[in-house]
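Participant: CSV, C-alpha atoms, file protein_11.csv:
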```
chain,number,residue,atom,x,y,z
A,1472,MET,CA,-117.4,-16.8,-41.3
A,1473,ALA,CA,-117.0,-17.6,-44.9
A,1474,GLN,CA,-113.6,-16.5,-46.3
A,1475,PRO,CA,-114.0,-13.1,-47.9
A,1476,SER,CA,-113.5,-12.9,-51.6
A,1477,GLN,CA,-110.9,-10.2,-51.1
A,1478,PRO,CA,-108.4,-9.7,-48.4
A,1479,ILE,CA,-109.3,-7.4,-45.4
A,1480,LEU,CA,-107.4,-4.1,-45.7
A,1481,ILE,CA,-105.4,-2.8,-42.8
A,1482,ALA,CA,-104.3,0.9,-42.9
A,1483,GLY,CA,-101.0,1.2,-41.0
A,1484,GLY,CA,-98.0,-1.1,-40.7
A,1485,GLY,CA,-97.2,-0.3,-37.1
A,1486,ILE,CA,-97.7,-2.6,-34.0
A,1487,ALA,CA,-101.5,-2.7,-34.1
A,1488,GLY,CA,-101.6,-3.2,-37.9
A,1489,LEU,CA,-99.0,-5.9,-38.1
A,1490,ALA,CA,-100.6,-7.7,-35.1
A,1491,THR,CA,-103.9,-7.6,-36.8
A,1492,SER,CA,-102.5,-9.1,-40.0
A,1493,ARG,CA,-100.8,-11.8,-38.0
A,1494,ALA,CA,-103.9,-12.6,-35.9
A,1495,LEU,CA,-106.1,-12.8,-39.0
A,1496,LYS,CA,-103.5,-15.1,-40.8
A,1497,ARG,CA,-103.5,-17.4,-37.8
A,1498,ARG,CA,-107.2,-17.8,-38.3
A,1499,GLY,CA,-106.8,-18.4,-42.0
A,1500,ILE,CA,-108.1,-15.0,-43.1
A,1501,ALA,CA,-106.2,-13.0,-45.7
A,1502,SER,CA,-105.3,-9.4,-45.3
A,1503,ARG,CA,-103.3,-6.6,-46.9
A,1504,VAL,CA,-101.4,-3.9,-45.1
A,1505,VAL,CA,-101.1,-0.4,-46.5
A,1506,GLU,CA,-98.3,1.6,-44.9
A,1507,ARG,CA,-97.4,5.2,-45.8
A,1508,SER,CA,-93.7,4.8,-45.3
A,1509,ALA,CA,-91.2,2.0,-45.9
A,1510,ARG,CA,-89.4,2.5,-42.6
A,1511,ALA,CA,-90.4,4.2,-39.3
A,1512,THR,CA,-88.3,7.2,-38.2
A,1513,ASP,CA,-88.0,5.9,-34.6
A,1514,GLY,CA,-87.5,2.2,-35.3
A,1515,GLY,CA,-84.2,2.2,-33.3
A,1516,LEU,CA,-85.9,3.1,-30.0
A,1517,ALA,CA,-87.4,0.8,-27.5
A,1518,ILE,CA,-90.7,0.0,-25.7
A,1519,ASN,CA,-91.7,-1.3,-22.3
A,1520,LEU,CA,-94.1,-4.3,-22.5
A,1521,PRO,CA,-96.2,-5.0,-19.4
A,1522,GLY,CA,-97.5,-8.4,-18.6
A,1523,ASN,CA,-100.7,-8.2,-20.7
A,1524,ALA,CA,-98.5,-7.3,-23.8
A,1525,ILE,CA,-96.4,-10.4,-23.1
A,1526,ALA,CA,-99.6,-12.5,-22.9
A,1527,ALA,CA,-100.8,-11.0,-26.3
A,1528,LEU,CA,-97.5,-11.9,-27.9
A,1529,ASP,CA,-97.9,-15.4,-26.6
A,1530,ARG,CA,-101.3,-15.7,-28.3
A,1531,LEU,CA,-99.8,-14.3,-31.5
A,1532,GLY,CA,-97.3,-17.2,-31.5
A,1533,LEU,CA,-94.4,-15.1,-30.5
A,1534,ALA,CA,-93.6,-16.2,-26.9
A,1535,GLY,CA,-90.2,-17.6,-27.8
A,1536,ASP,CA,-89.3,-14.5,-29.8
A,1537,ILE,CA,-90.0,-12.0,-27.0
A,1538,GLU,CA,-88.3,-14.2,-24.5
A,1539,ARG,CA,-85.2,-14.3,-26.7
A,1540,LEU,CA,-85.2,-10.6,-27.7
A,1541,GLY,CA,-86.9,-8.9,-24.8
A,1542,HIS,CA,-84.9,-7.9,-21.7
A,1543,PRO,CA,-86.7,-8.9,-18.4
A,1544,VAL,CA,-88.1,-6.1,-16.3
A,1545,ARG,CA,-88.3,-7.5,-12.8
A,1546,LYS,CA,-88.9,-4.4,-10.8
A,1547,ARG,CA,-90.0,-0.7,-10.9
A,1548,GLU,CA,-88.5,2.1,-8.8
A,1549,TYR,CA,-89.8,5.6,-8.3
A,1550,ARG,CA,-87.2,8.0,-7.1
A,1551,THR,CA,-86.7,11.7,-6.2
A,1552,SER,CA,-84.2,14.0,-7.9
A,1553,ASP,CA,-81.8,13.3,-5.1
A,1554,ASP,CA,-82.2,9.6,-5.6
A,1555,ARG,CA,-84.4,8.9,-2.6
A,1556,LEU,CA,-86.6,5.8,-3.2
A,1557,LEU,CA,-90.3,6.7,-3.0
A,1558,ALA,CA,-91.8,3.4,-4.0
A,1559,ALA,CA,-90.8,0.0,-5.5
A,1560,ILE,CA,-92.8,-2.6,-7.3
A,1561,ASP,CA,-91.8,-6.3,-7.6
A,1562,GLU,CA,-93.1,-6.9,-11.1
A,1563,ASP,CA,-91.9,-10.6,-11.1
A,1564,ALA,CA,-94.1,-11.2,-8.1
A,1565,PHE,CA,-97.1,-9.4,-9.5
A,1566,TRP,CA,-97.1,-10.8,-13.1
A,1567,GLY,CA,-95.5,-14.2,-12.6
A,1568,GLU,CA,-92.9,-15.8,-14.9
A,1569,SER,CA,-95.2,-16.4,-17.9
A,1570,MET,CA,-96.2,-12.7,-18.0
A,1571,ARG,CA,-92.9,-11.2,-16.9
A,1572,PRO,CA,-92.7,-7.7,-18.4
A,1573,ARG,CA,-89.9,-7.1,-20.9
A,1574,ALA,CA,-88.2,-4.2,-22.7
A,1575,VAL,CA,-87.5,-4.6,-26.4
A,1576,ARG,CA,-86.2,-2.5,-29.2
A,1577,ARG,CA,-89.2,-1.4,-31.3
A,1578,ALA,CA,-87.5,-2.6,-34.5
A,1579,ASP,CA,-87.3,-6.1,-33.0
A,1580,LEU,CA,-90.9,-6.1,-32.0
A,1581,MET,CA,-92.0,-4.9,-35.4
A,1582,ALA,CA,-89.9,-7.6,-37.1
A,1583,MET,CA,-91.5,-10.2,-34.9
A,1584,LEU,CA,-95.0,-9.1,-35.8
A,1585,ALA,CA,-94.1,-8.9,-39.5
A,1586,SER,CA,-92.5,-12.3,-39.7
A,1587,GLY,CA,-94.5,-14.4,-42.2
A,1588,LEU,CA,-95.8,-11.4,-44.0
A,1589,GLU,CA,-95.5,-11.9,-47.7
A,1590,PRO,CA,-94.3,-9.0,-50.0
A,1591,SER,CA,-97.7,-9.2,-51.7
A,1592,ASP,CA,-99.4,-8.6,-48.4
A,1593,LEU,CA,-97.8,-5.1,-48.0
A,1594,HIS,CA,-98.4,-2.0,-50.1
A,1595,VAL,CA,-96.4,1.2,-49.4
A,1596,GLY,CA,-98.5,4.2,-50.0
A,1597,ALA,CA,-100.5,6.9,-48.3
A,1598,ILE,CA,-104.3,6.8,-48.0
A,1599,ALA,CA,-106.0,9.9,-49.6
A,1600,GLY,CA,-109.6,9.0,-49.1
A,1601,VAL,CA,-112.1,6.4,-48.0
A,1602,ARG,CA,-115.7,5.7,-49.2
A,1603,GLN,CA,-117.9,2.7,-48.7
A,1604,ASP,CA,-121.0,1.3,-50.3
A,1605,ALA,CA,-123.3,-1.5,-49.0
A,1606,SER,CA,-120.7,-4.3,-49.4
A,1607,THR,CA,-117.3,-2.8,-50.0
A,1608,VAL,CA,-114.9,-0.2,-48.7
A,1609,HIS,CA,-113.0,1.7,-51.4
A,1610,VAL,CA,-109.7,3.3,-50.4
A,1611,ALA,CA,-108.1,5.9,-52.7
A,1612,LEU,CA,-104.3,6.1,-52.5
A,1613,ALA,CA,-102.1,9.1,-53.0
A,1614,ASP,CA,-100.6,7.6,-56.1
A,1615,GLY,CA,-104.0,7.7,-57.8
A,1616,SER,CA,-104.8,4.0,-57.5
A,1617,GLU,CA,-107.6,2.5,-55.5
A,1618,VAL,CA,-107.9,-0.7,-53.5
A,1619,SER,CA,-111.2,-2.3,-52.3
A,1620,ALA,CA,-111.9,-4.6,-49.5
A,1621,PRO,CA,-114.9,-6.1,-47.6
A,1622,LEU,CA,-113.5,-4.5,-44.4
A,1623,LEU,CA,-111.0,-1.7,-43.6
A,1624,VAL,CA,-109.1,-1.7,-40.3
A,1625,GLY,CA,-107.8,1.7,-39.4
A,1626,ALA,CA,-104.6,1.1,-37.5
A,1627,ASP,CA,-102.8,4.2,-38.7
A,1628,GLY,CA,-101.9,5.8,-35.4
A,1629,VAL,CA,-102.6,8.9,-33.4
A,1630,ARG,CA,-103.1,11.1,-36.4
A,1631,SER,CA,-105.2,8.6,-38.3
A,1632,THR,CA,-106.2,9.4,-41.8
A,1633,VAL,CA,-108.9,6.8,-41.6
A,1634,ARG,CA,-110.4,8.3,-38.4
A,1635,GLN,CA,-110.5,11.7,-39.8
A,1636,ALA,CA,-111.9,10.7,-43.2
A,1637,VAL,CA,-114.6,8.3,-42.0
A,1638,THR,CA,-115.8,8.6,-38.4
A,1639,GLY,CA,-115.6,12.4,-37.9
A,1640,ALA,CA,-114.0,11.7,-34.5
A,1641,ALA,CA,-112.1,14.4,-32.7
A,1642,SER,CA,-108.5,15.0,-33.6
A,1643,ALA,CA,-105.7,14.0,-31.2
A,1644,THR,CA,-105.3,16.4,-28.2
A,1645,ALA,CA,-102.3,17.1,-25.9
A,1646,ALA,CA,-102.0,14.7,-23.1
A,1647,ARG,CA,-102.7,15.7,-19.5
A,1648,LEU,CA,-99.4,14.3,-18.4
A,1649,ALA,CA,-97.3,16.7,-20.5
A,1650,SER,CA,-97.3,18.2,-23.9
A,1651,GLU,CA,-94.1,16.7,-25.3
A,1652,SER,CA,-91.4,14.1,-24.7
A,1653,TRP,CA,-87.9,13.1,-25.7
A,1654,ARG,CA,-86.6,9.6,-26.2
A,1655,PHE,CA,-83.1,8.2,-26.6
A,1656,MET,CA,-80.9,5.2,-26.3
A,1657,ALA,CA,-77.7,5.4,-24.3
A,1658,PRO,CA,-75.0,3.3,-22.6
A,1659,ASN,CA,-76.4,1.9,-19.3
A,1660,PRO,CA,-75.0,4.0,-16.5
A,1661,GLY,CA,-75.8,1.4,-13.8
A,1662,VAL,CA,-79.6,1.0,-13.9
A,1663,ASP,CA,-80.9,-2.5,-13.2
A,1664,GLY,CA,-84.7,-2.1,-13.6
A,1665,TRP,CA,-87.4,0.3,-14.7
A,1666,THR,CA,-86.5,3.5,-12.8
A,1667,VAL,CA,-88.1,6.9,-12.9
A,1668,TRP,CA,-86.8,10.0,-11.3
A,1669,THR,CA,-89.1,13.0,-10.7
A,1670,GLY,CA,-88.2,16.6,-9.9
A,1671,LYS,CA,-89.6,20.1,-9.9
A,1672,HIS,CA,-89.3,20.6,-13.6
A,1673,GLY,CA,-89.8,17.1,-15.1
A,1674,LEU,CA,-89.2,13.4,-15.0
A,1675,ILE,CA,-86.9,10.9,-16.6
A,1676,LEU,CA,-87.3,7.2,-17.1
A,1677,LEU,CA,-84.3,4.9,-17.7
A,1678,LEU,CA,-85.1,1.3,-18.7
A,1679,PRO,CA,-82.4,-1.4,-19.6
A,1680,VAL,CA,-83.0,-3.0,-22.9
A,1681,ASP,CA,-80.0,-5.3,-22.7
A,1682,ASP,CA,-77.0,-5.6,-20.4
A,1683,HIS,CA,-75.3,-2.5,-21.8
A,1684,THR,CA,-78.0,-0.1,-23.1
A,1685,VAL,CA,-80.9,1.9,-21.6
A,1686,TYR,CA,-83.9,3.4,-23.2
A,1687,GLY,CA,-84.6,6.9,-21.9
A,1688,TRP,CA,-87.9,8.8,-21.8
A,1689,VAL,CA,-88.1,12.4,-20.7
A,1690,SER,CA,-90.9,14.9,-20.1
A,1691,LEU,CA,-90.9,18.4,-18.7
A,1692,GLY,CA,-93.6,20.0,-16.6
A,1693,THR,CA,-93.9,23.2,-18.7
A,1694,ALA,CA,-93.6,24.0,-22.4
A,1695,GLY,CA,-90.6,25.8,-23.7
A,1696,ASN,CA,-90.5,29.6,-24.1
A,1697,GLY,CA,-88.4,29.6,-27.2
A,1698,GLU,CA,-85.1,28.4,-25.6
A,1699,PRO,CA,-83.3,25.5,-27.4
A,1700,GLN,CA,-84.8,22.2,-26.6
A,1701,LEU,CA,-81.6,20.4,-25.5
A,1702,ASP,CA,-80.6,23.3,-23.3
A,1703,ARG,CA,-84.0,22.9,-21.5
A,1704,LEU,CA,-83.2,19.2,-20.8
A,1705,ALA,CA,-79.7,19.9,-19.5
A,1706,ALA,CA,-81.0,22.6,-17.2
A,1707,ALA,CA,-84.0,20.6,-15.9
A,1708,PHE,CA,-81.9,17.6,-14.8
A,1709,SER,CA,-78.6,19.2,-13.9
A,1710,GLY,CA,-79.1,18.4,-10.2
A,1711,PHE,CA,-80.2,14.8,-10.6
A,1712,PRO,CA,-78.1,11.7,-9.7
A,1713,ALA,CA,-74.9,10.9,-11.5
A,1714,ARG,CA,-76.4,7.9,-13.4
A,1715,VAL,CA,-79.2,10.1,-14.8
A,1716,ARG,CA,-76.8,12.9,-15.8
A,1717,LYS,CA,-74.5,10.3,-17.4
A,1718,ALA,CA,-77.2,8.8,-19.6
A,1719,LEU,CA,-78.7,12.1,-20.5
A,1720,GLY,CA,-75.3,13.7,-21.0
A,1721,TRP,CA,-74.4,11.0,-23.5
A,1722,ALA,CA,-77.7,11.6,-25.4
A,1723,LEU,CA,-77.2,15.4,-25.4
A,1724,ALA,CA,-73.7,14.9,-26.8
A,1725,ASN,CA,-75.2,12.8,-29.5
A,1726,PRO,CA,-78.3,14.8,-30.4
A,1727,GLU,CA,-78.9,12.9,-33.6
A,1728,ASN,CA,-80.1,10.0,-31.4
A,1729,ILE,CA,-82.7,12.0,-29.5
A,1730,TYR,CA,-86.3,11.7,-30.8
A,1731,HIS,CA,-88.7,14.6,-29.8
A,1732,SER,CA,-92.4,14.2,-30.2
A,1733,PRO,CA,-95.7,15.6,-28.7
A,1734,ILE,CA,-97.6,13.4,-26.2
A,1735,GLU,CA,-101.1,13.2,-27.7
A,1736,GLU,CA,-104.2,11.3,-26.8
A,1737,VAL,CA,-107.3,10.2,-28.7
A,1738,ARG,CA,-110.7,9.9,-27.1
A,1739,ALA,CA,-113.1,8.8,-29.9
A,1740,ALA,CA,-116.7,8.2,-29.0
A,1741,ARG,CA,-117.0,5.5,-31.6
A,1742,TRP,CA,-114.5,3.3,-33.3
A,1743,SER,CA,-116.4,2.1,-36.3
A,1744,GLN,CA,-118.7,3.2,-39.1
A,1745,GLY,CA,-120.1,0.5,-41.4
A,1746,ARG,CA,-117.3,-1.7,-42.4
A,1747,VAL,CA,-114.5,0.6,-41.2
A,1748,ILE,CA,-113.1,-0.1,-37.8
A,1749,LEU,CA,-110.5,1.8,-35.8
A,1750,ILE,CA,-108.0,0.0,-33.5
A,1751,GLY,CA,-104.9,0.8,-31.4
A,1752,ASP,CA,-103.8,4.4,-31.2
A,1753,ALA,CA,-106.1,5.4,-34.0
A,1754,ALA,CA,-109.0,4.7,-31.7
A,1755,HIS,CA,-107.7,5.3,-28.2
A,1756,ALA,CA,-104.1,6.6,-27.8
A,1757,THR,CA,-103.2,7.4,-24.3
A,1758,ALA,CA,-100.2,9.0,-22.6
A,1759,PRO,CA,-97.6,6.4,-21.8
A,1760,VAL,CA,-98.2,6.4,-18.1
A,1761,TRP,CA,-98.8,2.7,-17.9
A,1762,ALA,CA,-97.1,1.7,-21.2
A,1763,GLU,CA,-100.3,0.2,-22.5
A,1764,GLY,CA,-100.3,1.5,-26.1
A,1765,ALA,CA,-98.7,-1.5,-27.7
A,1766,ALA,CA,-100.5,-3.9,-25.3
A,1767,LEU,CA,-103.9,-2.5,-26.1
A,1768,GLY,CA,-103.2,-2.5,-29.8
A,1769,MET,CA,-102.2,-6.1,-29.9
A,1770,GLU,CA,-105.2,-7.1,-27.7
A,1771,ASP,CA,-107.4,-5.2,-30.2
A,1772,ALA,CA,-105.9,-7.2,-33.0
A,1773,LEU,CA,-106.6,-10.6,-31.3
A,1774,VAL,CA,-110.1,-9.7,-30.3
A,1775,LEU,CA,-111.0,-8.3,-33.7
A,1776,ALA,CA,-109.6,-11.4,-35.5
A,1777,GLY,CA,-111.7,-13.6,-33.3
A,1778,ILE,CA,-114.8,-11.6,-34.0
A,1779,VAL,CA,-114.1,-11.6,-37.8
A,1780,ALA,CA,-113.6,-15.4,-37.7
A,1781,GLU,CA,-116.9,-16.0,-35.9
A,1782,CYS,CA,-119.2,-13.4,-37.5
A,1783,ASP,CA,-121.1,-14.0,-40.7
A,1784,ASP,CA,-122.4,-10.4,-40.8
A,1785,LEU,CA,-119.5,-8.0,-41.6
A,1786,ASP,CA,-121.7,-5.0,-40.7
A,1787,ALA,CA,-122.0,-6.3,-37.2
A,1788,ILE,CA,-118.2,-6.6,-36.6
A,1789,GLY,CA,-117.6,-2.9,-35.7
A,1790,PRO,CA,-120.3,-2.8,-32.9
A,1791,ARG,CA,-119.3,-6.1,-31.5
A,1792,PHE,CA,-115.7,-5.0,-31.4
A,1793,GLU,CA,-116.5,-1.8,-29.6
A,1794,GLN,CA,-118.7,-3.7,-27.1
A,1795,ALA,CA,-115.8,-6.1,-26.4
A,1796,ARG,CA,-113.0,-3.6,-26.1
A,1797,GLN,CA,-114.3,-0.2,-24.9
A,1798,PRO,CA,-114.7,-1.1,-21.2
A,1799,ARG,CA,-111.0,-2.3,-20.9
A,1800,VAL,CA,-109.7,0.8,-22.8
A,1801,ALA,CA,-111.9,3.1,-20.6
A,1802,HIS,CA,-110.3,1.5,-17.5
A,1803,VAL,CA,-106.8,2.3,-18.8
A,1804,GLN,CA,-107.8,5.8,-19.8
A,1805,ALA,CA,-109.3,6.5,-16.4
A,1806,MET,CA,-106.1,5.2,-14.6
A,1807,THR,CA,-104.0,7.2,-17.0
A,1808,ASP,CA,-105.9,10.4,-16.1
A,1809,LYS,CA,-105.7,9.6,-12.4
A,1810,LEU,CA,-101.9,9.3,-12.4
A,1811,SER,CA,-101.4,12.1,-14.9
A,1812,LYS,CA,-103.3,14.4,-12.5
A,1813,ALA,CA,-101.1,13.3,-9.6
A,1814,ALA,CA,-98.0,13.9,-11.7
A,1815,ARG,CA,-99.0,17.6,-12.1
A,1816,LEU,CA,-99.3,18.3,-8.4
A,1817,PRO,CA,-96.8,20.6,-6.8
A,1818,HIS,CA,-93.5,18.8,-6.5
A,1819,ALA,CA,-93.4,18.8,-2.6
A,1820,LEU,CA,-96.9,17.4,-2.4
A,1821,ARG,CA,-96.3,14.8,-5.1
A,1822,THR,CA,-93.2,13.6,-3.2
A,1823,ILE,CA,-95.2,13.1,0.0
A,1824,LEU,CA,-98.1,11.2,-1.8
A,1825,MET,CA,-96.2,9.0,-4.2
A,1826,PRO,CA,-95.2,6.3,-1.6
A,1827,PHE,CA,-98.9,5.8,-0.9
A,1828,ILE,CA,-100.6,6.2,-4.3
A,1829,THR,CA,-98.0,4.5,-6.5
A,1830,PRO,CA,-98.4,0.9,-5.3
A,1831,LYS,CA,-102.1,1.2,-5.1
A,1832,SER,CA,-102.4,2.7,-8.6
A,1833,TYR,CA,-100.1,0.0,-10.0
A,1834,ARG,CA,-102.3,-2.8,-8.6
A,1835,GLY,CA,-105.5,-1.0,-9.5
A,1836,THR,CA,-104.4,-0.5,-13.1
A,1837,TYR,CA,-102.9,-3.8,-13.9
A,1838,GLU,CA,-104.9,-6.4,-11.9
A,1839,PRO,CA,-107.9,-6.2,-14.3
A,1840,LEU,CA,-105.5,-6.6,-17.2
A,1841,LYS,CA,-104.1,-9.9,-16.2
A,1842,THR,CA,-106.9,-11.7,-18.1
A,1843,LEU,CA,-108.2,-10.7,-21.5
```
Would you put the structure from the file into structure tokens?
Facilitator:
Amino acid sequence: MAQPSQPILIAGGGIAGLATSRALKRRGIASRVVERSARATDGGLAINLPGNAIAALDRLGLAGDIERLGHPVRKREYRTSDDRLLAAIDEDAFWGESMRPRAVRRADLMAMLASGLEPSDLHVGAIAGVRQDASTVHVALADGSEVSAPLLVGADGVRSTVRQAVTGAASATAARLASESWRFMAPNPGVDGWTVWTGKHGLILLLPVDDHTVYGWVSLGTAGNGEPQLDRLAAAFSGFPARVRKALGWALANPENIYHSPIEEVRAARWSQGRVILIGDAAHATAPVWAEGAALGMEDALVLAGIVAECDDLDAIGPRFEQARQPRVAHVQAMTDKLSKAARLPHALRTILMPFITPKSYRGTYEPLKTL
């Protein structure tokens, strides 16, 4: 396409937004990122990147960075509350060396994606409104100013202002897996791979992010009845193995390091209207069953940048993007729903079934994602 007279505008400076800016820049297309806050509140936490996320980072020119900063995740283990192994996955064997999954601090991932972004390419401010005419999208900012662009990419997350203002899509809804989660970082209590323990009242994941630190993710099977949140966590996992109690105990003793948030999903029927396009969590947030949020967001960025680079008709970009991406996202959503449903079965039945359904679900989910 001919270079637009104005930069493409990207709402949201998270993973999907920064990946889009980077992908466009690698194709010689200028963009500008509008981000509501100067610094994310959970920037110190971590993220698990499956093989297709590693492949996306490679295509974004960041293979060396993620190899240097990401901790290899060579295996997965699914365990009971008494530490009995239910299922194990050899991730090295499944993905291969070039797509080896890695755990990385979110702040490091954001810094990677933002590298090369000029100060003039970023505007800190909240979006107050969006309108578009035949050739331009006009974005009103909370400070009273307005910016215009030939194309607006809504990468502003689960509670997207762009989605609500433009597409009329449904708001985020509580995930089927659970309604809330807690995240933390703690000293590694002796975990050497992605490990989840499941019990009657909840599950906890511990994932090494370096040789000395684990990332923890916790969900409970039922919502609270007014009791203090941290008391609920302590009670739910009191009978779990020592390494679980050690990591969680450290987090509970340092509550300022625990990040609590709802688990929400977005199932939008359409991701575009005119010259406004939704990507990442703004379009298709899913529960973190398969850790595909960041991966899908970065893939969205790569696919969208390719379409923008090849398409002379800006009004056709949205439909082409939806056609290219919706089948893949629908696959991840379906597999997320399937495992979320299994996770809500009675504990005894779930324990019996997991050795059989987990390896099959893993292969069924990730095999189609090995190629983009």
Participant: Considering only C-alpha atoms, return as a ChimeraX atom specification whatever protein or nucleic-acid residues lie within 9 Å of Thr1822 (chain A), sequence-local ones (same chain, fewer than 4 positions apart) excluded.
Facilitator: /A:1551,1557,1669-1670,1817-1818,1826
Participant: Write the residues of the preceding selection, restricted to C-alpha atoms, as a JSON list (two decimals), in the coordinates of the input.
Facilitator:
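Written output follows (selection.json):
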```
[["chain", "number", "residue", "atom", "x", "y", "z"],
["A", 1551, "THR", "CA", -86.70, 11.70, -6.20],
["A", 1557, "LEU", "CA", -90.30, 6.70, -3.00],
["A", 1669, "THR", "CA", -89.10, 13.00, -10.70],
["A", 1670, "GLY", "CA", -88.20, 16.60, -9.90],
["A", 1817, "PRO", "CA", -96.80, 20.60, -6.80],
["A", 1818, "HIS", "CA", -93.50, 18.80, -6.50],
["A", 1826, "PRO", "CA", -95.20, 6.30, -1.60]]
```
Participant: Can you pull out every residue within 12 Å of Ser1631 (chain A), counting all atoms listed in the file, but drop anything in the same chain fewer than 2 positions away, and send it as an MDAnalysis selection string?
Facilitator: chainID A and resid 1482:1483 1506:1507 1597:1600 1624:1629 1633:1643 1736:1737 1739 1742 1748:1756
Participant: Can I get the selected residues back with C-alpha atoms, as an mmCIF file, keeping the file's coordinate frame?
Facilitator:
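Wrote it out as selection.cif, contents follow:
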```cif
data_model
loop_
_atom_site.group_PDB
_atom_site.id
_atom_site.type_symbol
_atom_site.label_atom_id
_atom_site.label_comp_id
_atom_site.auth_asym_id
_atom_site.auth_seq_id
_atom_site.Cartn_x
_atom_site.Cartn_y
_atom_site.Cartn_z
ATOM 1 C CA ALA A 1482 -104.300 0.900 -42.900
ATOM 2 C CA GLY A 1483 -101.000 1.200 -41.000
ATOM 3 C CA GLU A 1506 -98.300 1.600 -44.900
ATOM 4 C CA ARG A 1507 -97.400 5.200 -45.800
ATOM 5 C CA ALA A 1597 -100.500 6.900 -48.300
ATOM 6 C CA ILE A 1598 -104.300 6.800 -48.000
ATOM 7 C CA ALA A 1599 -106.000 9.900 -49.600
ATOM 8 C CA GLY A 1600 -109.600 9.000 -49.100
ATOM 9 C CA VAL A 1624 -109.100 -1.700 -40.300
ATOM 10 C CA GLY A 1625 -107.800 1.700 -39.400
ATOM 11 C CA ALA A 1626 -104.600 1.100 -37.500
ATOM 12 C CA ASP A 1627 -102.800 4.200 -38.700
ATOM 13 C CA GLY A 1628 -101.900 5.800 -35.400
ATOM 14 C CA VAL A 1629 -102.600 8.900 -33.400
ATOM 15 C CA VAL A 1633 -108.900 6.800 -41.600
ATOM 16 C CA ARG A 1634 -110.400 8.300 -38.400
ATOM 17 C CA GLN A 1635 -110.500 11.700 -39.800
ATOM 18 C CA ALA A 1636 -111.900 10.700 -43.200
ATOM 19 C CA VAL A 1637 -114.600 8.300 -42.000
ATOM 20 C CA THR A 1638 -115.800 8.600 -38.400
ATOM 21 C CA GLY A 1639 -115.600 12.400 -37.900
ATOM 22 C CA ALA A 1640 -114.000 11.700 -34.500
ATOM 23 C CA ALA A 1641 -112.100 14.400 -32.700
ATOM 24 C CA SER A 1642 -108.500 15.000 -33.600
ATOM 25 C CA ALA A 1643 -105.700 14.000 -31.200
ATOM 26 C CA GLU A 1736 -104.200 11.300 -26.800
ATOM 27 C CA VAL A 1737 -107.300 10.200 -28.700
ATOM 28 C CA ALA A 1739 -113.100 8.800 -29.900
ATOM 29 C CA TRP A 1742 -114.500 3.300 -33.300
ATOM 30 C CA ILE A 1748 -113.100 -0.100 -37.800
ATOM 31 C CA LEU A 1749 -110.500 1.800 -35.800
ATOM 32 C CA ILE A 1750 -108.000 0.000 -33.500
ATOM 33 C CA GLY A 1751 -104.900 0.800 -31.400
ATOM 34 C CA ASP A 1752 -103.800 4.400 -31.200
ATOM 35 C CA ALA A 1753 -106.100 5.400 -34.000
ATOM 36 C CA ALA A 1754 -109.000 4.700 -31.700
ATOM 37 C CA HIS A 1755 -107.700 5.300 -28.200
ATOM 38 C CA ALA A 1756 -104.100 6.600 -27.800
#
```
Participant: Please determine, counting all atoms listed in the file, which residue among A:Leu1593, A:Ala1620, A:Ala1758, A:Ala1805 has the shortest atom-to-atom distance to Ser1606 (chain A).
Facilitator: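 Of A:Leu1593, A:Ala1620, A:Ala1758, A:Ala1805, the one nearest Ser1606 (chain A) is A:Ala1620, counting all atoms listed in the file.
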Participant: Rank nothing, just name the residue among A:Ala1707, A:Val1505, A:Leu1843, A:Cys1782 nearest to Trp1668 (chain A), using all atoms listed in the file.
Facilitator: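 Among the listed residues, A:Ala1707 lies closest to Trp1668 (chain A).
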Participant: May I ask for the distance between CA of Pro1521 (chain A) and CA of Asp1681 (chain A), given in Å to one decimal place?
Facilitator: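 Distance between the two atoms: 16.5 Å.
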Participant: Just the residues within 8 Å of region 1581-1592 of chain A, please, counting only C-alpha atoms, with nothing from its chain fewer than 5 positions along; format it as a PyMOL selection string.
Facilitator: chain A and resi 1485-1486+1489-1490+1493+1502-1504+1533+1536
Participant: Which neighbours of Arg1821 (chain A) fall inside 12 Å, counting all atoms listed in the file, when residues of the same chain fewer than 2 positions from it are skipped, and could you give them as a list in words?
Facilitator: Tyr1549, Arg1550, Thr1551, Leu1557, Thr1669, Gly1670, Lys1671, Leu1810, Ser1811, Lys1812, Ala1813, Ala1814, Arg1815, Leu1816, Pro1817, His1818, Ala1819, Ile1823, Leu1824, Met1825, Pro1826, Phe1827, Ile1828 and Thr1829 of chain A
Participant: Tell me which of A:Lys1809, A:Arg1746, A:Lys1546, A:Arg1714 sits closest to Ile1788 (chain A), counting all atoms listed in the file.
Facilitator: A:Arg1746
Participant: In Å, how far is it from CA of Pro1679 (chain A) to CA of Gly1541 (chain A)?
Facilitator: 10.2 Å
Participant: Counting all atoms listed in the file, figure out which residue out of A:Asp1808, A:Glu1793, A:Glu1617, A:Asp1784 gets nearest to Leu1480 (chain A).
Facilitator: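 The answer is A:Glu1617, which sits nearest to Leu1480 (chain A).
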Participant: Rounded to one decimal, what separation in Å do you get between CA of Leu1719 (chain A) and CA of Asp1561 (chain A)?
Facilitator: 26.0 Å
Participant: Of the residues A:Gly1710, A:Gly1687, A:Gly1484, A:Gly1661, which is the one nearest to Asn1728 (chain A), using only C-alpha atoms?
Facilitator: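 Selected residue with least distance to Asn1728 (chain A): A:Gly1687.
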Participant: Name the closest residue to Met1806 (chain A) among the candidates A:Leu1648, A:Ala1605, A:Met1656, A:Ala1765; distances are taken between atoms, counting all atoms listed in the file.
Facilitator: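 Among A:Leu1648, A:Ala1605, A:Met1656, A:Ala1765, it is A:Leu1648 that comes nearest to Met1806 (chain A).
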